[in-house]
file data-v3.tsv (TSV, C-alpha atoms)
chain	number	residue	atom	x	y	z
A	232	MET	CA	0.00	0.00	0.00
A	233	ALA	CA	1.17	3.43	-0.90
A	234	ASN	CA	2.91	5.53	1.60
A	235	LEU	CA	0.72	7.97	3.53
A	236	LYS	CA	2.85	10.94	2.63
A	237	ASP	CA	2.76	10.07	-1.10
A	238	ILE	CA	-1.01	10.01	-1.10
A	239	ARG	CA	-1.24	13.27	0.79
A	240	ASP	CA	1.06	14.94	-1.75
A	241	ARG	CA	-0.98	13.66	-4.65
A	242	ILE	CA	-4.21	14.94	-3.18
A	243	LYS	CA	-2.58	18.32	-2.79
A	244	SER	CA	-1.37	18.47	-6.37
A	245	VAL	CA	-4.67	17.27	-7.81
A	246	LYS	CA	-6.49	19.93	-5.83
A	247	SER	CA	-4.25	22.69	-7.10
A	248	ILE	CA	-4.66	21.51	-10.69
A	249	GLN	CA	-8.39	21.52	-10.13
A	250	LYS	CA	-8.20	25.15	-9.14
A	251	VAL	CA	-6.41	25.98	-12.38
A	252	THR	CA	-8.87	24.12	-14.57
A	253	LYS	CA	-11.74	25.76	-12.78
A	254	ALA	CA	-10.30	29.20	-13.41
A	255	MET	CA	-9.65	28.37	-17.06
A	256	LYS	CA	-13.20	27.21	-17.44
A	257	MET	CA	-14.54	30.48	-16.14
A	258	VAL	CA	-12.25	32.54	-18.37
A	259	ALA	CA	-13.31	30.49	-21.39
A	260	ALA	CA	-16.96	30.96	-20.49
A	261	ALA	CA	-16.59	34.73	-20.33
A	262	LYS	CA	-14.70	34.85	-23.63
A	263	MET	CA	-17.23	32.62	-25.28
A	264	ARG	CA	-20.08	34.87	-24.28
A	265	LYS	CA	-18.30	37.83	-25.80
A	266	ALA	CA	-17.63	35.94	-29.01
A	267	GLN	CA	-21.26	34.89	-29.20
A	268	GLU	CA	-22.39	38.49	-28.90
A	269	ARG	CA	-20.13	39.47	-31.77
A	270	MET	CA	-21.51	36.67	-33.87
A	271	GLU	CA	-25.01	37.96	-33.27
A	272	GLN	CA	-23.95	41.43	-34.32
A	273	ALA	CA	-22.35	40.26	-37.53
A	274	ARG	CA	-25.36	38.24	-38.62
A	275	PRO	CA	-27.68	40.98	-39.99
A	276	TYR	CA	-24.90	42.39	-42.14
A	277	THR	CA	-24.02	38.99	-43.59
A	278	TYR	CA	-27.64	38.17	-44.19
A	279	ARG	CA	-28.44	41.34	-46.09
A	280	LEU	CA	-25.25	41.27	-48.10
A	281	VAL	CA	-25.90	37.72	-49.21
A	282	ASN	CA	-29.43	38.71	-50.15
A	283	VAL	CA	-28.33	41.53	-52.39
A	284	ILE	CA	-25.63	39.44	-54.02
A	285	HIS	CA	-28.11	36.71	-54.77
A	286	HIS	CA	-30.28	39.23	-56.55
A	287	LEU	CA	-27.39	40.52	-58.56
A	288	LEU	CA	-25.48	37.43	-59.56
A	289	PRO	CA	-27.89	35.85	-62.02
A	290	ASP	CA	-27.72	38.96	-64.19
A	291	VAL	CA	-23.97	39.26	-64.19
A	292	ASN	CA	-21.61	37.72	-66.65
A	293	ARG	CA	-19.30	35.45	-64.69
A	294	ALA	CA	-16.41	35.89	-67.06
A	295	LEU	CA	-16.17	39.57	-66.17
A	296	LEU	CA	-15.25	38.97	-62.58
A	297	PRO	CA	-12.08	37.19	-61.59
A	298	LEU	CA	-13.63	36.17	-58.27
A	299	LEU	CA	-16.43	34.28	-59.99
A	300	ASP	CA	-14.17	32.61	-62.49
A	301	ILE	CA	-14.72	28.86	-62.65
A	302	ARG	CA	-11.58	27.19	-63.90
A	303	PRO	CA	-10.64	23.55	-64.31
A	304	ILE	CA	-9.23	22.51	-60.97
A	305	GLN	CA	-5.53	21.89	-60.90
A	306	ARG	CA	-4.41	23.38	-57.64
A	307	VAL	CA	-6.53	23.97	-54.57
A	308	GLY	CA	-6.08	26.37	-51.69
A	309	TYR	CA	-7.01	25.33	-48.19
A	310	VAL	CA	-7.62	27.63	-45.27
A	311	VAL	CA	-7.48	25.82	-41.94
A	312	VAL	CA	-8.77	27.73	-38.96
A	313	THR	CA	-7.44	26.53	-35.60
A	314	SER	CA	-6.53	28.14	-32.30
A	315	ASP	CA	-3.19	29.30	-30.94
A	316	ARG	CA	-3.48	27.40	-27.73
A	317	GLY	CA	-4.34	23.89	-26.74
A	318	LEU	CA	-6.25	22.53	-23.76
A	319	ALA	CA	-9.47	22.74	-25.70
A	320	GLY	CA	-10.38	19.09	-25.96
A	321	SER	CA	-10.39	17.71	-29.46
A	322	PHE	CA	-11.02	21.14	-31.02
A	323	ASN	CA	-7.78	21.37	-32.98
A	324	THR	CA	-7.20	17.66	-33.52
A	325	ASN	CA	-10.52	17.15	-35.26
A	326	ILE	CA	-10.22	20.10	-37.58
A	327	ILE	CA	-6.65	19.23	-38.56
A	328	LYS	CA	-7.57	15.60	-39.16
A	329	LYS	CA	-10.45	16.59	-41.39
A	330	ALA	CA	-8.33	19.07	-43.33
A	331	GLU	CA	-5.51	16.57	-43.76
A	332	LEU	CA	-7.89	13.94	-45.03
A	333	GLU	CA	-9.31	16.27	-47.65
A	334	ILE	CA	-5.90	17.53	-48.65
A	335	ASN	CA	-4.51	14.04	-49.10
A	336	GLU	CA	-7.45	13.18	-51.30
A	337	ILE	CA	-6.42	15.91	-53.71
A	338	GLY	CA	-2.75	15.22	-53.22
A	339	LYS	CA	-0.39	16.98	-50.88
A	340	GLU	CA	1.63	18.54	-53.69
A	341	ASN	CA	-1.40	20.16	-55.32
A	342	VAL	CA	-2.52	22.05	-52.26
A	343	ASP	CA	-1.52	25.47	-51.01
A	344	LEU	CA	-2.20	25.97	-47.35
A	345	PHE	CA	-3.18	29.02	-45.36
A	346	CYS	CA	-2.86	28.29	-41.66
A	347	ILE	CA	-4.77	30.33	-39.16
A	348	GLY	CA	-3.73	29.70	-35.60
A	349	LYS	CA	-0.53	28.19	-34.26
A	350	LYS	CA	-1.83	24.66	-34.03
A	351	ALA	CA	-2.43	24.28	-37.74
A	352	ARG	CA	0.86	25.95	-38.58
A	353	ASP	CA	2.87	23.70	-36.29
A	354	TYR	CA	1.19	20.54	-37.44
A	355	PHE	CA	1.48	21.18	-41.15
A	356	THR	CA	5.00	22.60	-40.96
A	357	ARG	CA	6.18	19.46	-39.23
A	358	ARG	CA	4.73	17.36	-42.01
A	359	ASN	CA	6.18	19.47	-44.81
A	360	TYR	CA	2.99	20.72	-46.31
A	361	ASN	CA	3.07	23.58	-48.74
A	362	ILE	CA	2.21	26.50	-46.49
A	363	ILE	CA	1.80	29.81	-48.24
A	364	GLN	CA	1.04	31.84	-45.20
A	365	SER	CA	0.17	31.50	-41.56
A	366	HIS	CA	-1.57	33.95	-39.29
A	367	ILE	CA	-0.95	33.49	-35.60
A	368	GLU	CA	-1.31	35.28	-32.31
A	369	PHE	CA	-4.17	37.58	-33.10
A	370	TRP	CA	-7.03	35.70	-31.45
A	371	ASN	CA	-6.84	37.63	-28.21
A	372	ASP	CA	-7.58	40.94	-29.84
A	373	LEU	CA	-9.65	39.75	-32.74
A	374	GLU	CA	-10.84	42.64	-34.91
A	375	PHE	CA	-12.60	42.95	-38.22
A	376	GLN	CA	-9.36	44.24	-39.75
A	377	HIS	CA	-7.78	40.83	-39.17
A	378	ALA	CA	-10.45	39.25	-41.31
A	379	THR	CA	-9.89	41.78	-44.08
A	380	LYS	CA	-6.16	41.30	-43.96
A	381	ILE	CA	-6.29	37.53	-44.07
A	382	GLY	CA	-8.99	37.61	-46.72
A	383	GLU	CA	-7.00	39.92	-48.95
A	384	LYS	CA	-4.05	37.56	-49.16
A	385	ILE	CA	-6.22	34.57	-49.88
A	386	ILE	CA	-8.20	36.39	-52.54
A	387	ASN	CA	-5.03	37.59	-54.24
A	388	HIS	CA	-3.79	34.04	-54.35
A	389	PHE	CA	-6.94	33.02	-56.15
A	390	VAL	CA	-7.10	35.99	-58.50
A	391	SER	CA	-3.49	35.54	-59.57
A	392	LYS	CA	-4.52	32.02	-60.64
A	393	LYS	CA	-2.13	30.22	-58.35
A	394	VAL	CA	-5.04	28.10	-57.19
A	395	ASP	CA	-8.35	27.35	-58.86
A	396	GLU	CA	-10.47	26.81	-55.80
A	397	ILE	CA	-10.34	27.84	-52.18
A	398	HIS	CA	-11.76	25.80	-49.35
A	399	VAL	CA	-12.10	26.74	-45.72
A	400	CYS	CA	-12.09	24.27	-42.82
A	401	TYR	CA	-13.38	25.68	-39.60
A	402	ASN	CA	-15.38	24.81	-36.52
A	403	GLU	CA	-18.93	26.02	-36.64
A	404	PHE	CA	-20.48	27.08	-33.37
A	405	VAL	CA	-23.82	25.34	-32.97
A	406	ASN	CA	-24.21	25.68	-29.25
A	407	VAL	CA	-22.06	25.41	-26.16
A	408	ALA	CA	-21.95	21.64	-26.25
A	409	THR	CA	-21.71	21.12	-30.00
A	410	GLN	CA	-19.31	22.43	-32.58
A	411	THR	CA	-19.40	20.92	-36.01
A	412	ILE	CA	-16.52	20.86	-38.42
A	413	GLN	CA	-17.31	22.56	-41.68
A	414	SER	CA	-15.48	22.48	-44.94
A	415	GLU	CA	-16.81	25.09	-47.32
A	416	GLN	CA	-15.86	26.36	-50.70
A	417	LEU	CA	-15.04	30.05	-50.47
A	418	LEU	CA	-13.97	30.74	-54.05
A	419	PRO	CA	-15.11	30.78	-56.78
A	420	LEU	CA	-18.33	32.04	-55.32
A	421	GLU	CA	-21.28	29.72	-55.57
A	422	TYR	CA	-24.87	30.71	-55.41
A	423	ASN	CA	-28.16	29.03	-55.34
A	424	GLN	CA	-30.00	29.56	-58.58
A	425	GLU	CA	-33.45	28.89	-57.18
A	426	GLU	CA	-33.19	31.36	-54.34
A	427	SER	CA	-32.59	34.32	-56.56
A	428	SER	CA	-35.93	35.84	-57.33
A	429	ASN	CA	-35.95	38.67	-59.79
A	430	VAL	CA	-36.89	42.04	-58.40
A	431	SER	CA	-37.71	44.39	-61.21
A	432	ASN	CA	-37.95	48.13	-61.20
A	433	ARG	CA	-34.90	48.51	-59.06
A	434	LEU	CA	-32.20	51.05	-59.53
A	435	TYR	CA	-28.62	49.89	-59.56
A	436	GLU	CA	-25.92	52.48	-59.29
A	437	PRO	CA	-23.34	52.25	-60.74
A	438	SER	CA	-24.00	49.38	-63.15
A	439	LYS	CA	-24.82	45.91	-61.87
A	440	GLU	CA	-21.39	44.67	-62.90
A	441	LYS	CA	-19.57	47.39	-61.03
A	442	LEU	CA	-21.76	46.89	-58.00
A	443	THR	CA	-21.05	43.20	-57.95
A	444	LYS	CA	-17.39	43.94	-58.31
A	445	SER	CA	-17.39	46.06	-55.19
A	446	LEU	CA	-19.79	43.85	-53.27
A	447	ILE	CA	-18.03	40.56	-53.66
A	448	PRO	CA	-14.80	41.52	-51.92
A	449	ARG	CA	-16.91	42.88	-49.07
A	450	HIS	CA	-18.84	39.67	-48.99
A	451	LEU	CA	-15.64	37.67	-48.76
A	452	ASN	CA	-14.37	39.87	-45.94
A	453	VAL	CA	-17.53	39.27	-44.02
A	454	GLN	CA	-17.36	35.57	-44.76
A	455	MET	CA	-13.83	35.49	-43.40
A	456	TRP	CA	-14.96	37.42	-40.35
A	457	LYS	CA	-17.68	34.86	-39.82
A	458	TYR	CA	-15.20	32.00	-40.01
A	459	LEU	CA	-12.96	33.65	-37.45
A	460	LEU	CA	-15.81	34.42	-35.07
A	461	GLU	CA	-17.33	30.96	-35.33
A	462	SER	CA	-13.99	29.35	-34.75
A	463	TYR	CA	-13.17	31.59	-31.81
A	464	ALA	CA	-16.49	30.94	-30.14
A	465	SER	CA	-16.11	27.21	-30.76
A	466	GLU	CA	-12.62	27.22	-29.34
A	467	GLN	CA	-13.78	28.85	-26.15
A	468	ALA	CA	-16.77	26.55	-25.87
A	469	ALA	CA	-14.59	23.50	-26.43
A	470	ARG	CA	-12.14	24.71	-23.83
A	471	MET	CA	-14.91	25.43	-21.39
A	472	ILE	CA	-16.28	21.89	-21.71
A	473	ALA	CA	-12.83	20.34	-21.56
A	474	MET	CA	-11.98	22.25	-18.44
A	475	GLU	CA	-15.28	21.41	-16.85
A	476	ASN	CA	-14.59	17.73	-17.44
A	477	ALA	CA	-11.10	18.14	-16.08
A	478	THR	CA	-12.47	19.77	-12.95
A	479	ASP	CA	-14.98	16.94	-12.48
A	480	ASN	CA	-12.31	14.33	-13.00
A	481	ALA	CA	-10.08	16.04	-10.46
A	482	GLU	CA	-12.98	15.93	-8.02
A	483	ASP	CA	-13.31	12.16	-8.53
A	484	MET	CA	-9.60	11.68	-8.15
A	485	VAL	CA	-9.57	13.57	-4.89
A	486	LYS	CA	-12.43	11.41	-3.65
A	487	ASN	CA	-10.67	8.15	-4.53
A	488	LEU	CA	-7.37	9.31	-3.15
A	489	THR	CA	-8.96	10.40	0.10
A	490	LEU	CA	-10.54	6.97	0.44
A	491	GLU	CA	-7.21	5.32	-0.21
A	492	PHE	CA	-5.55	7.65	2.22
A	493	ASN	CA	-8.04	6.79	4.98
A	494	LYS	CA	-7.67	3.08	4.28
A	495	ALA	CA	-3.93	3.33	4.49
A	496	ARG	CA	-4.16	5.35	7.67
A	497	GLN	CA	-6.51	2.83	9.27
A	498	ALA	CA	-4.35	-0.07	8.15
A	499	SER	CA	-1.32	1.46	9.78
A	500	ILE	CA	-3.24	2.10	13.02
A	501	THR	CA	-4.51	-1.47	13.04
A	502	LYS	CA	-1.02	-2.69	12.44
A	503	GLU	CA	0.32	-0.62	15.33
A	504	MET	CA	-2.46	-1.86	17.63
A	505	LEU	CA	-1.69	-5.44	16.73
A	506	GLU	CA	1.96	-4.84	17.49
A	507	ILE	CA	1.12	-3.33	20.87
A	508	VAL	CA	-1.29	-6.11	21.72
A	509	GLY	CA	1.24	-8.69	20.53
A	510	GLY	CA	3.94	-7.03	22.62
A	511	ALA	CA	1.75	-6.94	25.73
A	512	GLU	CA	0.83	-10.59	25.20
A	513	ALA	CA	4.48	-11.56	24.99
A	514	LEU	CA	5.24	-9.85	28.31
A	515	LYS	CA	2.72	-11.96	30.25
B	20	MET	CA	-41.68	66.50	-44.95
B	21	GLY	CA	-42.10	62.78	-45.30
B	22	HIS	CA	-39.92	60.50	-43.27
B	23	PHE	CA	-38.65	56.95	-43.59
B	24	THR	CA	-36.83	54.38	-41.51
B	25	LEU	CA	-33.07	54.13	-41.64
B	26	ASP	CA	-31.17	51.06	-40.55
B	27	ILE	CA	-27.40	51.14	-40.31
B	28	VAL	CA	-25.65	47.79	-40.20
B	29	THR	CA	-21.95	47.01	-39.98
B	30	PRO	CA	-20.16	43.71	-39.36
B	31	THR	CA	-19.36	44.72	-35.80
B	32	GLN	CA	-22.28	46.83	-34.66
B	33	ASN	CA	-25.92	47.46	-35.40
B	34	LEU	CA	-27.20	50.94	-34.81
B	35	ASP	CA	-30.77	51.48	-33.73
B	36	VAL	CA	-33.34	51.87	-36.45
B	37	ILE	CA	-34.31	55.54	-36.65
B	38	GLU	CA	-36.88	57.71	-38.39
B	39	VAL	CA	-35.23	60.26	-40.62
B	40	ASN	CA	-36.15	62.84	-43.24
B	41	TYR	CA	-33.09	62.96	-45.40
B	42	VAL	CA	-29.85	61.06	-45.87
B	43	ARG	CA	-26.91	62.20	-47.95
B	44	CYS	CA	-24.48	59.46	-48.96
B	45	PRO	CA	-21.11	59.41	-50.70
B	46	GLY	CA	-21.88	57.48	-53.90
B	47	ILE	CA	-19.18	56.19	-56.19
B	48	ASP	CA	-20.02	58.87	-58.77
B	49	GLY	CA	-20.56	61.70	-56.30
B	50	SER	CA	-22.82	62.11	-53.34
B	51	PHE	CA	-26.55	61.67	-53.57
B	52	GLY	CA	-29.52	62.26	-51.33
B	53	ILE	CA	-32.31	59.97	-50.29
B	54	MET	CA	-35.70	61.31	-49.27
B	55	ALA	CA	-38.94	59.56	-48.46
B	56	ASN	CA	-40.48	57.39	-51.20
B	57	HIS	CA	-37.27	57.01	-53.12
B	58	GLN	CA	-37.26	54.40	-55.85
B	59	ASP	CA	-36.01	50.98	-54.73
B	60	GLY	CA	-32.44	50.15	-55.55
B	61	VAL	CA	-28.92	49.32	-54.52
B	62	PHE	CA	-26.21	51.96	-54.49
B	63	SER	CA	-22.52	51.62	-53.97
B	64	LEU	CA	-20.94	53.92	-51.41
B	65	ASP	CA	-17.44	55.30	-51.39
B	66	ILE	CA	-15.27	56.52	-48.55
B	67	GLY	CA	-16.83	59.74	-47.37
B	68	GLU	CA	-19.32	61.51	-45.18
B	69	ILE	CA	-22.88	60.52	-44.45
B	70	MET	CA	-25.29	63.22	-43.35
B	71	ILE	CA	-28.46	62.19	-41.60
B	72	GLN	CA	-31.26	64.67	-41.04
B	73	SER	CA	-34.09	63.80	-38.74
B	74	GLU	CA	-36.95	65.87	-37.32
B	75	SER	CA	-34.86	67.12	-34.43
B	76	ASP	CA	-31.24	67.25	-35.56
B	77	THR	CA	-28.61	66.72	-38.23
B	78	LYS	CA	-25.75	64.32	-37.70
B	79	PHE	CA	-22.56	63.61	-39.60
B	80	TYR	CA	-20.81	60.28	-39.88
B	81	SER	CA	-17.69	59.08	-41.60
B	82	THR	CA	-17.70	55.80	-43.46
B	83	SER	CA	-15.17	53.72	-45.33
B	84	GLY	CA	-17.59	52.52	-47.94
B	85	GLY	CA	-20.25	49.93	-48.40
B	86	PHE	CA	-23.62	50.21	-50.02
B	87	ALA	CA	-27.15	51.41	-49.50
B	88	GLU	CA	-30.22	49.36	-50.14
B	89	ILE	CA	-33.64	50.96	-50.53
B	90	ASN	CA	-36.62	48.71	-50.26
B	91	GLU	CA	-40.14	50.09	-50.04
B	92	ASN	CA	-39.29	53.24	-48.16
B	93	GLU	CA	-36.91	51.44	-45.85
B	94	VAL	CA	-33.30	52.39	-46.23
B	95	CYS	CA	-30.49	50.21	-45.06
B	96	LEU	CA	-26.88	51.31	-45.06
B	97	LEU	CA	-24.51	48.38	-45.09
B	98	VAL	CA	-21.12	49.86	-44.41
B	99	GLU	CA	-17.86	48.44	-43.17
B	100	THR	CA	-17.33	51.18	-40.62
B	101	ILE	CA	-19.36	54.09	-39.39
B	102	GLU	CA	-18.33	56.67	-36.84
B	103	SER	CA	-20.29	59.72	-35.82
B	104	SER	CA	-18.36	62.96	-36.11
B	105	SER	CA	-17.91	63.16	-32.35
B	106	ASP	CA	-16.67	59.57	-31.97
B	107	ILE	CA	-13.85	59.73	-34.47
B	108	ASP	CA	-10.48	58.87	-33.04
B	109	ILE	CA	-8.53	61.86	-34.35
B	110	SER	CA	-5.15	60.75	-33.09
B	111	ARG	CA	-5.55	57.38	-34.80
B	112	ALA	CA	-6.44	59.00	-38.10
B	113	GLU	CA	-3.51	61.35	-37.77
B	114	SER	CA	-1.09	58.54	-37.12
B	115	ALA	CA	-2.48	56.67	-40.13
B	116	LEU	CA	-1.86	59.78	-42.21
B	117	GLN	CA	1.67	59.99	-40.93
B	118	ARG	CA	2.27	56.33	-41.72
B	119	VAL	CA	1.16	56.82	-45.29
B	120	ASN	CA	3.37	59.86	-45.72
B	121	GLU	CA	6.35	58.00	-44.32
B	122	ARG	CA	5.79	55.17	-46.72
B	123	LYS	CA	5.47	57.52	-49.65
B	124	THR	CA	8.90	59.00	-49.04
B	125	LYS	CA	10.68	55.65	-49.05
B	126	ARG	CA	8.52	54.20	-51.76
B	127	ASN	CA	11.28	52.82	-53.96
B	128	VAL	CA	13.01	51.00	-51.10
B	129	GLU	CA	10.30	48.39	-50.70
B	130	ASP	CA	7.41	47.69	-52.97
B	131	VAL	CA	4.39	49.36	-51.50
B	132	ASP	CA	0.84	48.41	-52.29
B	133	GLU	CA	-0.25	51.54	-54.13
B	134	VAL	CA	-3.98	50.86	-53.95
B	135	ARG	CA	-3.96	50.10	-50.28
B	136	MET	CA	-1.93	53.16	-49.48
B	137	GLU	CA	-4.26	55.43	-51.42
B	138	SER	CA	-7.37	54.06	-49.73
B	139	SER	CA	-5.78	54.26	-46.32
B	140	LEU	CA	-4.86	57.86	-47.08
B	141	SER	CA	-8.34	58.82	-48.18
B	142	ARG	CA	-9.87	57.09	-45.16
B	143	ALA	CA	-7.65	59.05	-42.81
B	144	LEU	CA	-8.33	62.35	-44.58
B	145	ASN	CA	-12.03	61.68	-44.58
B	146	ARG	CA	-12.07	60.93	-40.85
B	147	LEU	CA	-10.23	64.14	-40.09
B	148	ARG	CA	-12.59	66.13	-42.31
B	149	VAL	CA	-15.72	64.72	-40.74
B	150	ALA	CA	-14.34	65.10	-37.25
B	151	LYS	CA	-14.24	68.88	-37.76
B	152	ARG	CA	-18.02	69.02	-38.22
call {"tool": "encode", "arguments": {"input": "data-v3.tsv", "output": "structure tokens"}}
result
Amino acid sequence: MANLKDIRDRIKSVKSIQKVTKAMKMVAAAKMRKAQERMEQARPYTYRLVNVIHHLLPDVNRALLPLLDIRPIQRVGYVVVTSDRGLAGSFNTNIIKKAELEINEIGKENVDLFCIGKKARDYFTRRNYNIIQSHIEFWNDLEFQHATKIGEKIINHFVSKKVDEIHVCYNEFVNVATQTIQSEQLLPLEYNQEESSNVSNRLYEPSKEKLTKSLIPRHLNVQMWKYLLESYASEQAARMIAMENATDNAEDMVKNLTLEFNKARQASITKEMLEIVGGAEALK
Amino acid sequence: MGHFTLDIVTPTQNLDVIEVNYVRCPGIDGSFGIMANHQDGVFSLDIGEIMIQSESDTKFYSTSGGFAEINENEVCLLVETIESSSDIDISRAESALQRVNERKTKRNVEDVDEVRMESSLSRALNRLRVAKR
């Protein structure tokens, strides 16, 4: 049976780890709430923008706009959105696995990677993937400008015909307990033909083509912003759940260890008693 | 004078819907005004100043572009940023201006993104102009 002092030390260390996980859980919860609020705020803008674009696109000649250009697919760009830090359960592992699977289907050498977050960068660098760019260490002060900046690089890569398609892998925030992994095509822009109803007698200034030209980059910025927000909220939610589980597990461990400790203590007392009784018996 | 509802939406904030009489926006081909019962449409907006007149007051905002959608006497401004003339961070705009000027002087040393520099310059100038209102 383990030494009494060993058990006592373990209980102590488990308890202090529990305190840390508890604190991390609360921090993650607060950050998640903030991220959720921002997601709510971004939604009306996205919704309306998509609406207008859907009205415009059917009337616009695709060949005029480089961002709508559908080319035969030779090279593909992948944007993988992960976090900078770990301790968030399977948040990063799952997204990286999914991305890697899809990339290997196309062939490692035909894929250009954009890594967002340290975890993706580290993983794919170690495995010699073709990383064009990585964006790290901005999650803590996430601003709309980050989305624009990241988006700009990715869009340029597409427009300069280095890749013929761009996909984004990110975690979608469904609710606190569920985050689903999404892999979407960002470029060339797709749209649903049926949804676009024709509204006549509408003024478009300047021309529809020019409008689309200025709207689509904005749309992509907002899309990028959405990916970042969803991923950030998911990260915090995943961390919150992971830390909650860790705290619960620590609780169980403390319980078991305390039981073991008491057993060991009692055993040693019994042993001592027996020795005393045995000693007294021998003296008779 | 007739009035209509104005909704201003950005990716990071949603302003309250308000009743206004007149809105002047910086269109791509020069500024234009919207009054009640305007024909439906979509209009591109440039970097510039938005003036909003309601029953009680007139307010000025700076924007870095977006577009306006008019739908059955409801106007929605979808812009990337909007700051009322009193909220503009003057020191930030000034430092942006300075940054652009610095870059212009050492232009041939590194390749500078001309388009980005120009738009950053006009954004900064616009902010400073509107802030003086």
call {"tool": "closest_residue", "arguments": {"input": "data-v3.tsv", "among": "A:Asp237, A:Glu482, A:Glu333, A:Glu268", "to": "chain B", "atoms": "all atoms listed in the file"}}
result
A:Glu268
call {"tool": "closest_atom_pairs", "arguments": {"input": "data-v3.tsv", "of": "chain B", "to": "chain A", "cutoff": "9 Å", "atoms": "all atoms listed in the file", "output": "CSV"}}
result
residue,atom,partner,partner_atom,distance
B:Val28,CA,A:Tyr276,CA,5.8
B:Thr29,CA,A:Tyr276,CA,5.9
B:Pro30,CA,A:Ala273,CA,4.5
B:Thr31,CA,A:Ala273,CA,5.6
B:Gln32,CA,A:Gln272,CA,5.7
B:Asn33,CA,A:Gln272,CA,6.4
B:Gly46,CA,A:Glu436,CA,8.4
B:Ile47,CA,A:Pro437,CA,7.3
B:Asp48,CA,A:Pro437,CA,7.7
B:Gln58,CA,A:Leu434,CA,7.1
B:Asp59,CA,A:Arg433,CA,5.1
B:Gly60,CA,A:Leu434,CA,4.1
B:Val61,CA,A:Tyr435,CA,5.1
B:Phe62,CA,A:Glu436,CA,4.8
B:Ser63,CA,A:Leu442,CA,6.3
B:Gly85,CA,A:Leu446,CA,7.8
B:Phe86,CA,A:Leu446,CA,8.1
B:Glu88,CA,A:Val283,CA,8.4
B:Ile89,CA,A:Arg433,CA,9.0
B:Asn90,CA,A:Arg433,CA,9.0
B:Leu97,CA,A:Tyr276,CA,6.7
B:Val98,CA,A:Tyr276,CA,8.7
B:Glu99,CA,A:Arg449,CA,8.2
call {"tool": "residues_around", "arguments": {"input": "data-v3.tsv", "residues": "Val312 (chain A)", "least_positions_apart": "4", "cutoff": "8 Å", "atoms": "all atoms listed in the file", "output": "count of residues only"}}
result
12
call {"tool": "atom_distance", "arguments": {"input": "data-v3.tsv", "atom1": "CA of Ala143 (chain B)", "atom2": "CA of Gly84 (chain B)"}}
result
13.0 Å
call {"tool": "residues_around", "arguments": {"input": "data-v3.tsv", "residues": "Met257 (chain A)", "least_positions_apart": "3", "cutoff": "12 Å", "atoms": "all atoms listed in the file", "output": "JSON, numbers by chain"}}
result
{"A": [250, 251, 252, 253, 254, 260, 261, 262, 263, 264, 467, 468, 470, 471, 472, 473, 474, 475, 478]}
call {"tool": "atom_distance", "arguments": {"input": "data-v3.tsv", "atom1": "CA of Val508 (chain A)", "atom2": "CA of Leu235 (chain A)"}}
result
23.1 Å
call {"tool": "residues_around", "arguments": {"input": "data-v3.tsv", "residues": "Leu25 (chain B)", "least_positions_apart": "3", "cutoff": "7 Å", "atoms": "only C-alpha atoms", "output": "list in words"}}
result
Val36, Ile37, Glu38, Val39, Glu93, Val94 and Cys95 of chain B
call {"tool": "atom_distance", "arguments": {"input": "data-v3.tsv", "atom1": "CA of Ile71 (chain B)", "atom2": "CA of Gly49 (chain B)"}}
result
16.7 Å
call {"tool": "residues_around", "arguments": {"input": "data-v3.tsv", "residues": "Gln305 (chain A)", "least_positions_apart": "3", "cutoff": "10 Å", "atoms": "only C-alpha atoms", "output": "list of chain:residue names"}}
result
A:Arg302, A:Ile337, A:Asn341, A:Val342, A:Lys393, A:Val394, A:Asp395, A:Glu396
call {"tool": "closest_residue", "arguments": {"input": "data-v3.tsv", "among": "A:Ile327, A:Leu318, A:Ile363, A:Leu420", "to": "Lys384 (chain A)", "atoms": "only C-alpha atoms"}}
result
A:Ile363
call {"tool": "build_atoms", "arguments": {"input": "data-v3.tsv", "residues": "region 98-105 of chain B", "atoms": "N, CA and C atoms", "output": "PDB file, keeping the file's coordinate frame"}}
result
ATOM      1  N   VAL B  98     -22.443  49.260 -44.269  1.00  0.00           N
ATOM      2  CA  VAL B  98     -21.120  49.860 -44.410  1.00  0.00           C
ATOM      3  C   VAL B  98     -20.128  49.100 -43.550  1.00  0.00           C
ATOM      4  N   GLU B  99     -18.863  49.185 -43.943  1.00  0.00           N
ATOM      5  CA  GLU B  99     -17.860  48.440 -43.170  1.00  0.00           C
ATOM      6  C   GLU B  99     -17.533  49.121 -41.867  1.00  0.00           C
ATOM      7  N   THR B 100     -17.500  50.463 -41.889  1.00  0.00           N
ATOM      8  CA  THR B 100     -17.330  51.180 -40.620  1.00  0.00           C
ATOM      9  C   THR B 100     -18.224  52.394 -40.649  1.00  0.00           C
ATOM     10  N   ILE B 101     -18.652  52.816 -39.485  1.00  0.00           N
ATOM     11  CA  ILE B 101     -19.360  54.090 -39.390  1.00  0.00           C
ATOM     12  C   ILE B 101     -19.032  54.702 -38.037  1.00  0.00           C
ATOM     13  N   GLU B 102     -18.653  55.981 -38.083  1.00  0.00           N
ATOM     14  CA  GLU B 102     -18.330  56.670 -36.840  1.00  0.00           C
ATOM     15  C   GLU B 102     -19.002  58.033 -36.891  1.00  0.00           C
ATOM     16  N   SER B 103     -19.690  58.393 -35.823  1.00  0.00           N
ATOM     17  CA  SER B 103     -20.290  59.720 -35.820  1.00  0.00           C
ATOM     18  C   SER B 103     -19.181  60.740 -35.620  1.00  0.00           C
ATOM     19  N   SER B 104     -19.425  61.961 -36.082  1.00  0.00           N
ATOM     20  CA  SER B 104     -18.360  62.960 -36.110  1.00  0.00           C
ATOM     21  C   SER B 104     -17.722  63.157 -34.740  1.00  0.00           C
ATOM     22  N   SER B 105     -18.482  62.943 -33.676  1.00  0.00           N
ATOM     23  CA  SER B 105     -17.910  63.160 -32.350  1.00  0.00           C
ATOM     24  C   SER B 105     -17.123  61.952 -31.848  1.00  0.00           C
TER      25      SER B 105
END
